[in-house]
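Here is coords-v3.cif, consisting of mmCIF, N, CA, C and O atoms and all ligand atoms:
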```cif
data_run
#
loop_
_atom_site.label_atom_id
_atom_site.label_comp_id
_atom_site.auth_asym_id
_atom_site.auth_seq_id
_atom_site.Cartn_x
_atom_site.Cartn_y
_atom_site.Cartn_z
N MET A 1 34.68 -22.15 -90.53
CA MET A 1 35.38 -21.04 -91.16
C MET A 1 36.87 -21.15 -90.87
O MET A 1 37.27 -21.38 -89.74
N ARG A 2 37.67 -21.02 -91.90
CA ARG A 2 39.12 -21.11 -91.71
C ARG A 2 39.70 -19.72 -91.52
O ARG A 2 39.23 -18.76 -92.11
N ARG A 3 40.71 -19.65 -90.69
CA ARG A 3 41.37 -18.38 -90.40
C ARG A 3 42.88 -18.55 -90.64
O ARG A 3 43.45 -19.56 -90.25
N TYR A 4 43.48 -17.54 -91.26
CA TYR A 4 44.90 -17.60 -91.58
C TYR A 4 45.58 -16.31 -91.14
O TYR A 4 44.96 -15.25 -91.06
N ARG A 5 46.90 -16.42 -90.91
CA ARG A 5 47.71 -15.26 -90.58
C ARG A 5 49.09 -15.39 -91.21
O ARG A 5 49.58 -16.50 -91.40
N TYR A 6 49.69 -14.23 -91.47
CA TYR A 6 51.06 -14.19 -91.93
C TYR A 6 51.88 -13.51 -90.85
O TYR A 6 51.45 -12.49 -90.29
N ARG A 7 53.07 -14.04 -90.52
CA ARG A 7 53.93 -13.42 -89.51
C ARG A 7 55.32 -13.23 -90.08
O ARG A 7 55.92 -14.15 -90.63
N CYS A 8 55.81 -11.99 -89.96
CA CYS A 8 57.18 -11.67 -90.35
C CYS A 8 58.00 -11.59 -89.07
O CYS A 8 57.74 -10.74 -88.22
N THR A 9 58.96 -12.50 -88.94
CA THR A 9 59.76 -12.52 -87.73
C THR A 9 60.85 -11.46 -87.73
O THR A 9 61.42 -11.16 -86.69
N VAL A 10 61.13 -10.89 -88.89
CA VAL A 10 62.11 -9.80 -88.97
C VAL A 10 61.49 -8.51 -88.43
O VAL A 10 62.06 -7.82 -87.59
N CYS A 11 60.31 -8.19 -88.91
CA CYS A 11 59.60 -6.98 -88.46
C CYS A 11 58.87 -7.21 -87.14
O CYS A 11 58.40 -6.25 -86.52
N ARG A 12 58.74 -8.48 -86.76
CA ARG A 12 57.99 -8.86 -85.56
C ARG A 12 56.55 -8.34 -85.63
O ARG A 12 56.04 -7.73 -84.69
N THR A 13 55.93 -8.59 -86.78
CA THR A 13 54.53 -8.21 -86.96
C THR A 13 53.74 -9.41 -87.45
O THR A 13 54.28 -10.30 -88.10
N THR A 14 52.47 -9.40 -87.13
CA THR A 14 51.55 -10.45 -87.58
C THR A 14 50.39 -9.79 -88.29
O THR A 14 49.86 -8.78 -87.81
N SER A 15 50.00 -10.35 -89.40
CA SER A 15 48.92 -9.76 -90.20
C SER A 15 47.59 -9.92 -89.48
O SER A 15 47.44 -10.78 -88.62
N PRO A 16 46.62 -9.11 -89.88
CA PRO A 16 45.26 -9.38 -89.41
C PRO A 16 44.79 -10.74 -89.94
O PRO A 16 45.37 -11.27 -90.88
N ILE A 17 43.75 -11.25 -89.36
CA ILE A 17 43.23 -12.55 -89.77
C ILE A 17 42.54 -12.42 -91.13
O ILE A 17 41.77 -11.50 -91.35
N VAL A 18 42.85 -13.36 -92.02
CA VAL A 18 42.15 -13.45 -93.31
C VAL A 18 41.47 -14.82 -93.36
O VAL A 18 41.87 -15.75 -92.67
N THR A 19 40.44 -14.92 -94.18
CA THR A 19 39.65 -16.15 -94.18
C THR A 19 39.84 -17.00 -95.43
O THR A 19 39.22 -18.05 -95.54
N GLU A 20 40.68 -16.56 -96.34
CA GLU A 20 40.92 -17.35 -97.55
C GLU A 20 42.42 -17.50 -97.78
O GLU A 20 43.18 -16.57 -97.54
N ILE A 21 42.80 -18.66 -98.29
CA ILE A 21 44.22 -18.94 -98.51
C ILE A 21 44.80 -18.01 -99.56
O ILE A 21 45.97 -17.62 -99.47
N ALA A 22 44.00 -17.59 -100.53
CA ALA A 22 44.48 -16.67 -101.56
C ALA A 22 44.79 -15.30 -100.94
O ALA A 22 45.77 -14.65 -101.31
N ALA A 23 43.97 -14.88 -99.99
CA ALA A 23 44.19 -13.60 -99.31
C ALA A 23 45.45 -13.67 -98.46
O ALA A 23 46.19 -12.68 -98.35
N LEU A 24 45.73 -14.84 -97.90
CA LEU A 24 46.96 -15.01 -97.10
C LEU A 24 48.19 -14.84 -97.98
O LEU A 24 49.15 -14.16 -97.60
N ALA A 25 48.16 -15.43 -99.16
CA ALA A 25 49.30 -15.30 -100.09
C ALA A 25 49.48 -13.84 -100.49
O ALA A 25 50.62 -13.35 -100.58
N THR A 26 48.39 -13.13 -100.68
CA THR A 26 48.46 -11.71 -101.05
C THR A 26 49.06 -10.88 -99.92
O THR A 26 49.90 -10.01 -100.15
N VAL A 27 48.63 -11.15 -98.69
CA VAL A 27 49.14 -10.41 -97.54
C VAL A 27 50.64 -10.61 -97.41
O VAL A 27 51.40 -9.65 -97.22
N GLY A 28 51.09 -11.86 -97.54
CA GLY A 28 52.52 -12.15 -97.44
C GLY A 28 53.31 -11.50 -98.55
O GLY A 28 54.37 -10.90 -98.31
N GLU A 29 52.80 -11.59 -99.76
CA GLU A 29 53.50 -11.00 -100.91
C GLU A 29 53.56 -9.48 -100.79
O GLU A 29 54.61 -8.87 -101.04
N ASP A 30 52.46 -8.85 -100.38
CA ASP A 30 52.44 -7.40 -100.20
C ASP A 30 53.46 -6.96 -99.16
O ASP A 30 54.17 -5.97 -99.34
N HIS A 31 53.54 -7.71 -98.06
CA HIS A 31 54.50 -7.36 -97.00
C HIS A 31 55.94 -7.47 -97.51
O HIS A 31 56.75 -6.57 -97.30
N ARG A 32 56.22 -8.58 -98.20
CA ARG A 32 57.58 -8.78 -98.73
C ARG A 32 57.95 -7.68 -99.72
O ARG A 32 59.06 -7.15 -99.68
N GLN A 33 57.03 -7.34 -100.61
CA GLN A 33 57.32 -6.33 -101.63
C GLN A 33 57.49 -4.94 -100.99
O GLN A 33 58.40 -4.20 -101.34
N THR A 34 56.61 -4.61 -100.05
CA THR A 34 56.61 -3.28 -99.47
C THR A 34 57.80 -3.06 -98.54
O THR A 34 58.47 -2.03 -98.60
N LEU A 35 58.06 -4.00 -97.67
CA LEU A 35 59.05 -3.78 -96.62
C LEU A 35 60.39 -4.48 -96.85
O LEU A 35 61.39 -4.10 -96.23
N HIS A 36 60.41 -5.48 -97.71
CA HIS A 36 61.66 -6.23 -97.87
C HIS A 36 62.11 -6.32 -99.32
O HIS A 36 62.95 -7.17 -99.65
N GLY A 37 61.55 -5.50 -100.18
CA GLY A 37 61.96 -5.47 -101.58
C GLY A 37 61.79 -6.80 -102.28
O GLY A 37 62.56 -7.13 -103.18
N GLY A 38 60.82 -7.59 -101.87
CA GLY A 38 60.56 -8.87 -102.53
C GLY A 38 61.33 -10.03 -101.94
O GLY A 38 61.12 -11.18 -102.33
N HIS A 39 62.22 -9.76 -100.98
CA HIS A 39 62.97 -10.85 -100.35
C HIS A 39 62.10 -11.57 -99.33
O HIS A 39 61.18 -10.98 -98.76
N PHE A 40 62.42 -12.83 -99.08
CA PHE A 40 61.69 -13.62 -98.11
C PHE A 40 62.35 -13.50 -96.75
O PHE A 40 63.51 -13.90 -96.60
N PRO A 41 61.68 -12.92 -95.76
CA PRO A 41 62.27 -12.82 -94.42
C PRO A 41 62.55 -14.21 -93.85
O PRO A 41 61.77 -15.14 -94.06
N ASP A 42 63.67 -14.35 -93.13
CA ASP A 42 63.98 -15.63 -92.49
C ASP A 42 62.91 -15.98 -91.47
O ASP A 42 62.43 -15.13 -90.73
N ASP A 43 62.56 -17.25 -91.46
CA ASP A 43 61.62 -17.80 -90.48
C ASP A 43 60.23 -17.18 -90.54
O ASP A 43 59.52 -17.18 -89.53
N GLU A 44 59.85 -16.59 -91.68
CA GLU A 44 58.48 -16.06 -91.76
C GLU A 44 57.50 -17.22 -91.62
O GLU A 44 57.83 -18.36 -91.91
N MET A 45 56.34 -16.92 -91.15
CA MET A 45 55.33 -17.96 -90.93
C MET A 45 54.04 -17.54 -91.60
O MET A 45 53.67 -16.37 -91.58
N ALA A 46 53.35 -18.49 -92.16
CA ALA A 46 52.04 -18.24 -92.75
C ALA A 46 51.26 -19.54 -92.64
O ALA A 46 51.79 -20.61 -92.93
N GLY A 47 50.05 -19.45 -92.18
CA GLY A 47 49.27 -20.67 -92.09
C GLY A 47 47.97 -20.48 -91.36
O GLY A 47 47.60 -19.36 -90.99
N ARG A 48 47.32 -21.60 -91.16
CA ARG A 48 46.01 -21.59 -90.54
C ARG A 48 46.15 -21.49 -89.03
O ARG A 48 47.04 -22.09 -88.43
N ILE A 49 45.26 -20.72 -88.44
CA ILE A 49 45.26 -20.56 -86.98
C ILE A 49 43.90 -20.99 -86.44
O ILE A 49 42.92 -21.05 -87.18
N ASP A 50 43.87 -21.27 -85.15
CA ASP A 50 42.58 -21.59 -84.53
C ASP A 50 41.95 -20.31 -83.99
O ASP A 50 42.48 -19.22 -84.17
N ARG A 51 40.84 -20.43 -83.32
CA ARG A 51 40.13 -19.26 -82.82
C ARG A 51 40.89 -18.58 -81.68
O ARG A 51 40.54 -17.47 -81.27
N LEU A 52 41.90 -19.25 -81.14
CA LEU A 52 42.71 -18.65 -80.08
C LEU A 52 43.95 -17.98 -80.66
O LEU A 52 44.76 -17.44 -79.92
N GLY A 53 44.10 -18.02 -81.98
CA GLY A 53 45.25 -17.39 -82.63
C GLY A 53 46.48 -18.26 -82.66
O GLY A 53 47.56 -17.81 -83.02
N ARG A 54 46.36 -19.55 -82.32
CA ARG A 54 47.51 -20.46 -82.33
C ARG A 54 47.66 -21.07 -83.71
O ARG A 54 46.69 -21.36 -84.38
N TRP A 55 48.91 -21.28 -84.13
CA TRP A 55 49.17 -21.91 -85.42
C TRP A 55 48.87 -23.39 -85.28
O TRP A 55 49.42 -24.04 -84.39
N TYR A 56 48.07 -23.92 -86.17
CA TYR A 56 47.78 -25.36 -86.12
C TYR A 56 49.05 -26.18 -86.26
O TYR A 56 49.20 -27.21 -85.62
N ALA A 57 49.97 -25.71 -87.09
CA ALA A 57 51.20 -26.46 -87.34
C ALA A 57 52.05 -26.57 -86.07
O ALA A 57 52.86 -27.48 -85.95
N ALA A 58 51.86 -25.64 -85.12
CA ALA A 58 52.68 -25.65 -83.91
C ALA A 58 52.02 -26.45 -82.78
O ALA A 58 52.64 -26.65 -81.73
N LEU A 59 50.80 -26.92 -83.00
CA LEU A 59 50.10 -27.65 -81.94
C LEU A 59 50.40 -29.14 -82.05
O LEU A 59 50.63 -29.66 -83.13
N SER A 60 50.34 -29.83 -80.90
CA SER A 60 50.47 -31.28 -80.92
C SER A 60 49.21 -31.86 -81.57
O SER A 60 48.17 -31.18 -81.60
N PRO A 61 49.26 -33.08 -82.08
CA PRO A 61 48.10 -33.64 -82.78
C PRO A 61 46.82 -33.65 -81.93
O PRO A 61 45.75 -33.31 -82.42
N LEU A 62 46.93 -34.00 -80.67
CA LEU A 62 45.75 -34.04 -79.81
C LEU A 62 45.19 -32.63 -79.56
O LEU A 62 43.98 -32.41 -79.61
N THR A 63 46.08 -31.69 -79.32
CA THR A 63 45.65 -30.30 -79.12
C THR A 63 45.04 -29.73 -80.40
O THR A 63 44.04 -29.01 -80.35
N ALA A 64 45.62 -30.09 -81.54
CA ALA A 64 45.08 -29.61 -82.83
C ALA A 64 43.69 -30.20 -83.07
O ALA A 64 42.79 -29.49 -83.53
N LEU A 65 43.51 -31.46 -82.72
CA LEU A 65 42.19 -32.09 -82.87
C LEU A 65 41.17 -31.38 -81.98
O LEU A 65 40.06 -31.06 -82.42
N HIS A 66 41.56 -31.13 -80.74
CA HIS A 66 40.68 -30.41 -79.81
C HIS A 66 40.34 -29.02 -80.37
O HIS A 66 39.19 -28.59 -80.31
N ALA A 67 41.35 -28.34 -80.91
CA ALA A 67 41.13 -26.99 -81.45
C ALA A 67 40.19 -27.02 -82.65
O ALA A 67 39.32 -26.16 -82.78
N HIS A 68 40.36 -28.02 -83.52
CA HIS A 68 39.48 -28.13 -84.70
C HIS A 68 38.02 -28.30 -84.24
O HIS A 68 37.12 -27.63 -84.76
N ILE A 69 37.80 -29.20 -83.29
CA ILE A 69 36.43 -29.46 -82.84
C ILE A 69 35.86 -28.25 -82.11
O ILE A 69 34.73 -27.83 -82.36
N ALA A 70 36.66 -27.66 -81.21
CA ALA A 70 36.19 -26.48 -80.47
C ALA A 70 35.93 -25.30 -81.41
O ALA A 70 34.98 -24.54 -81.21
N ASP A 71 36.76 -25.16 -82.44
CA ASP A 71 36.54 -24.11 -83.45
C ASP A 71 35.20 -24.33 -84.15
O ASP A 71 34.41 -23.40 -84.32
N ALA A 72 34.98 -25.57 -84.58
CA ALA A 72 33.75 -25.87 -85.33
C ALA A 72 32.52 -25.63 -84.46
O ALA A 72 31.53 -25.05 -84.91
N LEU A 73 32.60 -26.05 -83.21
CA LEU A 73 31.46 -25.85 -82.31
C LEU A 73 31.25 -24.36 -82.03
O LEU A 73 30.11 -23.88 -82.00
N SER A 74 32.33 -23.62 -81.81
CA SER A 74 32.21 -22.18 -81.54
C SER A 74 31.67 -21.44 -82.76
O SER A 74 30.92 -20.47 -82.62
N ASP A 75 32.06 -21.91 -83.96
CA ASP A 75 31.57 -21.27 -85.19
C ASP A 75 30.07 -21.45 -85.36
O ASP A 75 29.43 -20.68 -86.08
N LEU A 76 29.52 -22.48 -84.73
CA LEU A 76 28.07 -22.66 -84.81
C LEU A 76 27.35 -21.48 -84.17
O LEU A 76 26.27 -21.09 -84.59
N ARG A 77 27.97 -20.94 -83.13
CA ARG A 77 27.35 -19.82 -82.40
C ARG A 77 27.63 -18.48 -83.08
O ARG A 77 26.72 -17.68 -83.27
N ASP A 78 28.89 -18.23 -83.42
CA ASP A 78 29.26 -16.95 -84.02
C ASP A 78 30.60 -17.10 -84.73
O ASP A 78 31.61 -17.42 -84.10
N ILE A 79 30.61 -16.85 -86.04
CA ILE A 79 31.86 -17.04 -86.79
C ILE A 79 32.77 -15.81 -86.74
O ILE A 79 33.93 -15.88 -87.13
N LYS A 80 32.26 -14.69 -86.26
CA LYS A 80 33.04 -13.45 -86.31
C LYS A 80 33.91 -13.24 -85.08
O LYS A 80 34.85 -12.45 -85.11
N THR A 81 33.62 -13.89 -84.00
CA THR A 81 34.39 -13.69 -82.78
C THR A 81 35.58 -14.64 -82.74
O THR A 81 35.67 -15.58 -83.53
N LEU A 82 36.48 -14.39 -81.80
CA LEU A 82 37.60 -15.29 -81.57
C LEU A 82 37.44 -15.93 -80.21
O LEU A 82 36.59 -15.54 -79.42
N GLY A 83 38.27 -16.89 -79.91
CA GLY A 83 38.20 -17.59 -78.64
C GLY A 83 37.20 -18.73 -78.71
O GLY A 83 36.38 -18.80 -79.62
N HIS A 84 37.33 -19.64 -77.77
CA HIS A 84 36.40 -20.77 -77.68
C HIS A 84 35.40 -20.51 -76.58
O HIS A 84 35.76 -20.04 -75.51
N TYR A 85 34.14 -20.81 -76.86
CA TYR A 85 33.15 -20.77 -75.79
C TYR A 85 33.46 -21.93 -74.85
O TYR A 85 33.95 -22.97 -75.27
N TRP A 86 33.15 -21.77 -73.57
CA TRP A 86 33.48 -22.81 -72.60
C TRP A 86 32.80 -24.12 -72.96
O TRP A 86 33.38 -25.19 -72.82
N TRP A 87 31.56 -24.02 -73.46
CA TRP A 87 30.83 -25.24 -73.78
C TRP A 87 31.41 -25.91 -75.02
O TRP A 87 31.32 -27.13 -75.17
N ALA A 88 32.00 -25.13 -75.92
CA ALA A 88 32.62 -25.72 -77.11
C ALA A 88 33.89 -26.47 -76.72
O ALA A 88 34.16 -27.57 -77.21
N SER A 89 34.67 -25.86 -75.82
CA SER A 89 35.90 -26.51 -75.35
C SER A 89 35.56 -27.77 -74.56
O SER A 89 36.19 -28.82 -74.75
N ALA A 90 34.55 -27.67 -73.70
CA ALA A 90 34.13 -28.84 -72.92
C ALA A 90 33.57 -29.92 -73.84
O ALA A 90 33.84 -31.11 -73.65
N GLY A 91 32.80 -29.52 -74.85
CA GLY A 91 32.24 -30.47 -75.80
C GLY A 91 33.32 -31.19 -76.58
O GLY A 91 33.23 -32.40 -76.81
N ALA A 92 34.35 -30.47 -76.98
CA ALA A 92 35.46 -31.08 -77.71
C ALA A 92 36.19 -32.09 -76.82
O ALA A 92 36.52 -33.19 -77.26
N THR A 93 36.42 -31.70 -75.57
CA THR A 93 37.08 -32.62 -74.63
C THR A 93 36.23 -33.86 -74.41
O THR A 93 36.74 -34.99 -74.42
N LEU A 94 34.93 -33.66 -74.25
CA LEU A 94 34.01 -34.78 -74.04
C LEU A 94 33.98 -35.71 -75.25
O LEU A 94 34.00 -36.94 -75.11
N LEU A 95 33.95 -35.13 -76.43
CA LEU A 95 33.91 -35.93 -77.66
C LEU A 95 35.17 -36.76 -77.82
O LEU A 95 35.11 -37.95 -78.14
N ILE A 96 36.32 -36.14 -77.58
CA ILE A 96 37.59 -36.87 -77.70
C ILE A 96 37.67 -37.97 -76.64
O ILE A 96 38.04 -39.11 -76.92
N GLY A 97 37.26 -37.63 -75.41
CA GLY A 97 37.28 -38.62 -74.33
C GLY A 97 36.33 -39.77 -74.60
O GLY A 97 36.67 -40.93 -74.37
N ALA A 98 35.13 -39.45 -75.09
CA ALA A 98 34.14 -40.49 -75.38
C ALA A 98 34.62 -41.39 -76.51
O ALA A 98 34.44 -42.62 -76.47
N THR A 99 35.25 -40.81 -77.52
CA THR A 99 35.78 -41.61 -78.63
C THR A 99 36.89 -42.53 -78.15
O THR A 99 36.93 -43.71 -78.53
N ALA A 100 37.75 -42.02 -77.29
CA ALA A 100 38.84 -42.85 -76.75
C ALA A 100 38.27 -43.97 -75.89
O ALA A 100 38.72 -45.12 -75.97
N ALA A 101 37.26 -43.66 -75.08
CA ALA A 101 36.64 -44.68 -74.23
C ALA A 101 35.96 -45.74 -75.08
O ALA A 101 36.04 -46.94 -74.79
N LEU A 102 35.28 -45.31 -76.14
CA LEU A 102 34.60 -46.25 -77.03
C LEU A 102 35.61 -47.16 -77.72
O LEU A 102 35.41 -48.38 -77.83
N ALA A 103 36.71 -46.58 -78.18
CA ALA A 103 37.75 -47.37 -78.83
C ALA A 103 38.34 -48.38 -77.85
O ALA A 103 38.59 -49.54 -78.21
N LEU A 104 38.52 -47.97 -76.61
CA LEU A 104 39.03 -48.88 -75.58
C LEU A 104 38.04 -50.01 -75.31
O LEU A 104 38.44 -51.18 -75.16
N LEU A 105 36.75 -49.68 -75.27
CA LEU A 105 35.71 -50.69 -75.06
C LEU A 105 35.69 -51.69 -76.20
O LEU A 105 35.60 -52.91 -75.96
N VAL A 106 35.75 -51.21 -77.42
CA VAL A 106 35.73 -52.10 -78.58
C VAL A 106 36.96 -52.99 -78.56
O VAL A 106 36.87 -54.20 -78.82
N LEU A 107 38.09 -52.41 -78.22
CA LEU A 107 39.33 -53.18 -78.15
C LEU A 107 39.24 -54.24 -77.06
O LEU A 107 39.64 -55.40 -77.26
N ALA A 108 38.69 -53.86 -75.89
CA ALA A 108 38.57 -54.81 -74.79
C ALA A 108 37.59 -55.93 -75.14
O ALA A 108 37.80 -57.08 -74.76
N ALA A 109 36.52 -55.60 -75.85
CA ALA A 109 35.54 -56.60 -76.24
C ALA A 109 36.10 -57.56 -77.28
O ALA A 109 35.74 -58.74 -77.33
N ALA A 110 36.98 -57.05 -78.13
CA ALA A 110 37.54 -57.87 -79.19
C ALA A 110 38.58 -58.85 -78.64
O ALA A 110 38.79 -59.92 -79.22
N LEU A 111 39.18 -58.51 -77.53
CA LEU A 111 40.22 -59.41 -76.97
C LEU A 111 39.65 -60.46 -76.05
O LEU A 111 38.62 -60.48 -75.56
ZN ZN A 201 58.81 -7.88 -92.45
#
```
What's the structure tokens form of this structure?
Amino acid sequence: MRRYRYRCTVCRTTSPIVTEIAALATVGEDHRQTLHGGHFPDDEMAGRIDRLGRWYAALSPLTALHAHIADALSDLRDIKTLGHYWWASAGATLLIGATAALALLVLAAAL
């Protein structure tokens, strides 16, 4: 399940979580029309977030990969809650570590 948020840095407010990109555009447009007369606030942000509320665009690639996997694993248990279950976070770390180890093994075997 994908989660999105809109943030207005002028008003210093963040929208509730929406689950569709079309709803995100509506939230942003409604905020601009209602509070800013249709103007675009400087540095406004809109995008996909992980279950911890972090913007994917602001995460490093490795952290974003971990967040994607931990999100997917946590969604298996419950899609309505936020946060990562400890086992989902550990599973994501294990999966990334195992993949890196496997790639290293294949590389070492090839040389
Ligand atoms: Zn605003």
Tell me, as a count of residues only, which residues lie within 6 Å of A:Asp42, counting only N, CA, C and O atoms; anything in the same chain fewer than 3 positions away does not count. 3
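Reported to one decimal place, the separation of atom N of A:Arg2 from atom C of A:Thr19 is 5.8 Å.
Atom C of A:Ser74 is found 16.3 Å from atom C of A:Leu94.
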Per-residue nearest contacts of chain A to ligand ZN 201 (chain A) (8 Å; only N, CA, C and O atoms and all ligand atoms) as JSON lines:
```
{"residue": "A:Arg7", "atom": "C", "partner": "A:ZN201", "partner_atom": "ZN", "distance": 6.8}
{"residue": "A:Cys8", "atom": "CA", "partner": "A:ZN201", "partner_atom": "ZN", "distance": 4.6}
{"residue": "A:Thr9", "atom": "N", "partner": "A:ZN201", "partner_atom": "ZN", "distance": 5.8}
{"residue": "A:Val10", "atom": "C", "partner": "A:ZN201", "partner_atom": "ZN", "distance": 4.9}
{"residue": "A:Cys11", "atom": "N", "partner": "A:ZN201", "partner_atom": "ZN", "distance": 3.9}
{"residue": "A:Arg12", "atom": "N", "partner": "A:ZN201", "partner_atom": "ZN", "distance": 5.7}
{"residue": "A:Thr13", "atom": "N", "partner": "A:ZN201", "partner_atom": "ZN", "distance": 6.4}
{"residue": "A:Gly28", "atom": "O", "partner": "A:ZN201", "partner_atom": "ZN", "distance": 7.9}
{"residue": "A:His31", "atom": "O", "partner": "A:ZN201", "partner_atom": "ZN", "distance": 5.4}
{"residue": "A:Arg32", "atom": "N", "partner": "A:ZN201", "partner_atom": "ZN", "distance": 6.3}
{"residue": "A:Thr34", "atom": "C", "partner": "A:ZN201", "partner_atom": "ZN", "distance": 7.8}
{"residue": "A:Leu35", "atom": "C", "partner": "A:ZN201", "partner_atom": "ZN", "distance": 5.8}
{"residue": "A:His36", "atom": "N", "partner": "A:ZN201", "partner_atom": "ZN", "distance": 6.0}
{"residue": "A:His39", "atom": "O", "partner": "A:ZN201", "partner_atom": "ZN", "distance": 7.4}
{"residue": "A:Phe40", "atom": "C", "partner": "A:ZN201", "partner_atom": "ZN", "distance": 7.9}
{"residue": "A:Pro41", "atom": "CA", "partner": "A:ZN201", "partner_atom": "ZN", "distance": 6.3}
```
Residues as selected, N, CA, C and O atoms, written as a short mmCIF file (atom, residue, chain, number, x, y, z; two decimals), keeping the file's coordinate frame, can you do that?
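Output saved as out37.cif:
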```cif
data_model
loop_
_atom_site.label_atom_id
_atom_site.label_comp_id
_atom_site.auth_asym_id
_atom_site.auth_seq_id
_atom_site.Cartn_x
_atom_site.Cartn_y
_atom_site.Cartn_z
N ARG A 7 53.07 -14.04 -90.52
CA ARG A 7 53.93 -13.42 -89.51
C ARG A 7 55.32 -13.23 -90.08
O ARG A 7 55.92 -14.15 -90.63
N CYS A 8 55.81 -11.99 -89.96
CA CYS A 8 57.18 -11.67 -90.35
C CYS A 8 58.00 -11.59 -89.07
O CYS A 8 57.74 -10.74 -88.22
N THR A 9 58.96 -12.50 -88.94
CA THR A 9 59.76 -12.52 -87.73
C THR A 9 60.85 -11.46 -87.73
O THR A 9 61.42 -11.16 -86.69
N VAL A 10 61.13 -10.89 -88.89
CA VAL A 10 62.11 -9.80 -88.97
C VAL A 10 61.49 -8.51 -88.43
O VAL A 10 62.06 -7.82 -87.59
N CYS A 11 60.31 -8.19 -88.91
CA CYS A 11 59.60 -6.98 -88.46
C CYS A 11 58.87 -7.21 -87.14
O CYS A 11 58.40 -6.25 -86.52
N ARG A 12 58.74 -8.48 -86.76
CA ARG A 12 57.99 -8.86 -85.56
C ARG A 12 56.55 -8.34 -85.63
O ARG A 12 56.04 -7.73 -84.69
N THR A 13 55.93 -8.59 -86.78
CA THR A 13 54.53 -8.21 -86.96
C THR A 13 53.74 -9.41 -87.45
O THR A 13 54.28 -10.30 -88.10
N GLY A 28 51.09 -11.86 -97.54
CA GLY A 28 52.52 -12.15 -97.44
C GLY A 28 53.31 -11.50 -98.55
O GLY A 28 54.37 -10.90 -98.31
N HIS A 31 53.54 -7.71 -98.06
CA HIS A 31 54.50 -7.36 -97.00
C HIS A 31 55.94 -7.47 -97.51
O HIS A 31 56.75 -6.57 -97.30
N ARG A 32 56.22 -8.58 -98.20
CA ARG A 32 57.58 -8.78 -98.73
C ARG A 32 57.95 -7.68 -99.72
O ARG A 32 59.06 -7.15 -99.68
N THR A 34 56.61 -4.61 -100.05
CA THR A 34 56.61 -3.28 -99.47
C THR A 34 57.80 -3.06 -98.54
O THR A 34 58.47 -2.03 -98.60
N LEU A 35 58.06 -4.00 -97.67
CA LEU A 35 59.05 -3.78 -96.62
C LEU A 35 60.39 -4.48 -96.85
O LEU A 35 61.39 -4.10 -96.23
N HIS A 36 60.41 -5.48 -97.71
CA HIS A 36 61.66 -6.23 -97.87
C HIS A 36 62.11 -6.32 -99.32
O HIS A 36 62.95 -7.17 -99.65
N HIS A 39 62.22 -9.76 -100.98
CA HIS A 39 62.97 -10.85 -100.35
C HIS A 39 62.10 -11.57 -99.33
O HIS A 39 61.18 -10.98 -98.76
N PHE A 40 62.42 -12.83 -99.08
CA PHE A 40 61.69 -13.62 -98.11
C PHE A 40 62.35 -13.50 -96.75
O PHE A 40 63.51 -13.90 -96.60
N PRO A 41 61.68 -12.92 -95.76
CA PRO A 41 62.27 -12.82 -94.42
C PRO A 41 62.55 -14.21 -93.85
O PRO A 41 61.77 -15.14 -94.06
#
```
Could you pull the residues within 8 Å of A:Tyr85, counting all atoms listed in the file, minus those fewer than 5 positions along the same chain, as JSON, numbers by chain? {"A": [70, 71, 73, 74, 75, 90, 91, 92]}
What are the DSSP strand (DSSP E or B) residues of stretch 7-46 of chain A, as number ranges by chain? A: 7-8, 13-14, 18, 45-46
Listed atoms of stretch 64-67 of chain A, axis-aligned box, 4 Å per side: centre and edge lengths to one decimal in Å, as AutoDock Vina command-line options?
```
--center_x 42.4 --center_y -29.1 --center_z -81.7 --size_x 14.4 --size_y 13.9 --size_z 11.7
```
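The smallest atom-to-atom distance between A:Ser89 and any of A:Val106, A:Ala72, A:Ala58, A:Leu111, using only C-alpha atoms, is found for A:Ala72.
For the pair atom O of A:Glu29 and atom C of A:Asp50, the separation is 24.1 Å.
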I'd like the neighbourhood of A:Leu24 as a ChimeraX atom specification, where a residue qualifies if any of its atoms comes within 8 Å (using only N, CA, C and O atoms), though same-chain residues fewer than 5 positions away should be ignored. /A:4-6,16-19,29-31,45-47
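Each of A:Thr14, A:Ser60, A:Thr81, A:Thr26 was checked against A:Met1 using only C-alpha atoms; the smallest atom-to-atom distance is that of A:Thr81.
Among the candidate residues A:Ala64, A:Leu52, A:Gly97, A:Ser15, the one lying nearest to A:Val27 is A:Ser15, with distances computed using only C-alpha atoms.
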Based on DSSP run over this structure's backbone, return all residues of chain A in alpha helix (DSSP H), as a PyMOL selection string. chain A and resi 21-36+61-77+86-110
